[in-house]
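Trainee: Please see the structure below; I have some questions.
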Amino acid sequence: MKHDLIRGLLKKCSLEVADILVKAKKEGDVPPCKAGCFACCYEPVYASSPEAELIADLIRGMPPKDQRRVRQGVQEWVEKFKATELIKEHQPPAIPYRQLRLACPLLKDGMCSVYEDRPFGCRTHYARKDPKGCEDDALRATQQYLAMNLYTSNPFEQLMKLGKGFVLDHLILLVNEALGGEPVPSGSRVEVEVQE
């Protein structure tokens with residue numbers, strides 16, 4: 001039941017994003033983002049624990065071979081990230097993070113294996129300029145993104161009101177935890193107390 005509610009909020013978020021994209025296109029801003037472009041999957045992604053729990057359940061439902069691949073990728077990602085100083089930062093800058101070459105372990109053949117249930121952070125990330133500004137670290141600082149404030153979106157606010165004790169952190173750290181791994185201290189970790 002909780003997953004259905006989260007999926008509904010994620011779909012509402014996608015509708016909000018679609019409205020923003022329509023307005024952007026009317027103003028001549030055509031995001032270059034498309035299937036098969038996955039440079040953003042090397043960027044830090046933040047999520048809530050309910051989003052991570054949904055993804056962990058999707059992983060548990062994958063065929064055994066895919067499940068092993070993703071679980072191994074999650075563990076490798078966590079170990080590599082833990083070994084860096086960036087784990088201490090509240091929100092690591094994109095370029096130093098990208099230089100770690102930590103691809104999202106949910107990628108398979110350049111496509112997101114949980115695309116329909118991807119978190120708010122992924123749904124609201126759209127480039128405005130040439131995709132080379134996403135792919136090339138030397139050009140990354142020149143890339144611009146459509147202004148979508150995830151934290152003030154109506155669906156995200158509704159998600160935060162679903163229960164007490166939510167955590168916001170790096171998506172893969174939370175997925176690791178939801179799959180039964182130990183919590184990993186991170187400078188980005190925020191405990192959310194829901195205001196009634």
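Following the order of the structure tokens, chains are lettered A, B, ..., residues in each are numbered from 1, and ligands are numbered from 1.
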Considering only C-alpha atoms, tabulate each residue of segment 10-113 of chain A that lies at most 6 Å from segment 164-182 of chain A along with its nearest interatomic pair and the corresponding distance in Å to one decimal; arrange the rows by chain and ascending residue number and present them as CSV.

Mentor:
```
residue,atom,partner,partner_atom,distance
A:Val45,CA,A:Leu171,CA,5.7
A:Tyr46,CA,A:His170,CA,4.4
A:Ala47,CA,A:Leu171,CA,5.0
A:Ser48,CA,A:Leu168,CA,4.5
A:Ser49,CA,A:Val167,CA,5.2
A:Ala52,CA,A:Val175,CA,4.8
A:Glu53,CA,A:Ala178,CA,5.4
A:Ala56,CA,A:Leu179,CA,5.8
```

Trainee: Take the residues from that selection and write them out as a short mmCIF file (atom, residue, chain, number, x, y, z; two decimals), in the first residue's frame, keeping N, CA and C atoms.

Mentor:
```
data_model
loop_
_atom_site.label_atom_id
_atom_site.label_comp_id
_atom_site.auth_asym_id
_atom_site.auth_seq_id
_atom_site.Cartn_x
_atom_site.Cartn_y
_atom_site.Cartn_z
N VAL A 45 22.96 11.61 -6.40
CA VAL A 45 21.50 11.61 -6.37
C VAL A 45 21.07 11.45 -4.92
N TYR A 46 20.18 12.33 -4.50
CA TYR A 46 19.67 12.27 -3.13
C TYR A 46 18.24 11.77 -3.17
N ALA A 47 17.86 11.05 -2.13
CA ALA A 47 16.53 10.46 -2.09
C ALA A 47 16.08 10.33 -0.65
N SER A 48 14.85 9.92 -0.49
CA SER A 48 14.29 9.66 0.84
C SER A 48 14.30 8.15 1.08
N SER A 49 14.24 7.78 2.34
CA SER A 49 14.23 6.36 2.66
C SER A 49 13.02 5.64 2.05
N ALA A 52 13.97 4.77 -1.45
CA ALA A 52 14.98 3.71 -1.46
C ALA A 52 14.35 2.35 -1.14
N GLU A 53 13.38 2.33 -0.23
CA GLU A 53 12.70 1.07 0.11
C GLU A 53 11.93 0.53 -1.10
N ALA A 56 14.54 -0.91 -3.36
CA ALA A 56 15.05 -2.18 -2.81
C ALA A 56 14.07 -3.32 -3.08
#
```

Trainee: So that I can check the surroundings of segment 61-74 of chain A, please list as a PyMOL selection string every protein, DNA and RNA residue that reaches within 6 Å of it, counting only C-alpha atoms and ignoring chain neighbours fewer than 3 positions away.

Mentor: chain A and resi 58+77+105

Trainee: Find, counting only C-alpha atoms, the residue in A:Glu76, A:Asp4, A:Asp130, A:Asp109 that gets nearest to Val30 of chain A.

Mentor: A:Asp130

Trainee: When distances are computed from only C-alpha atoms, which of A:Lys23, A:Arg118, A:Lys88, A:Lys161 shows the smallest separation from Ser186 of chain A?

Mentor: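 The closest residue to Ser186 of chain A is A:Lys88.
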
Trainee: Check the smallest atom-to-atom distance from each of A:Pro44, A:Pro31, A:Pro119, A:Gly8 to Gln99 of chain A using only C-alpha atoms, then report the winner.

Mentor: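 Distance minimum relative to Gln99 of chain A lands on A:Pro44.
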
Trainee: From the set A:Glu51, A:Asp19, A:Glu43, A:Glu27, which residue has the shortest atom-to-atom contact distance to Leu100 of chain A, counting only C-alpha atoms?

Mentor: A:Glu43

Trainee: At a cut-off of 10 Å, using only C-alpha atoms, what residues contact Leu86 of chain A? Leave out same-chain residues fewer than 2 positions from it and give the result as a ChimeraX atom specification.

Mentor: /A:81-84,88-93,96-97,100,186-188
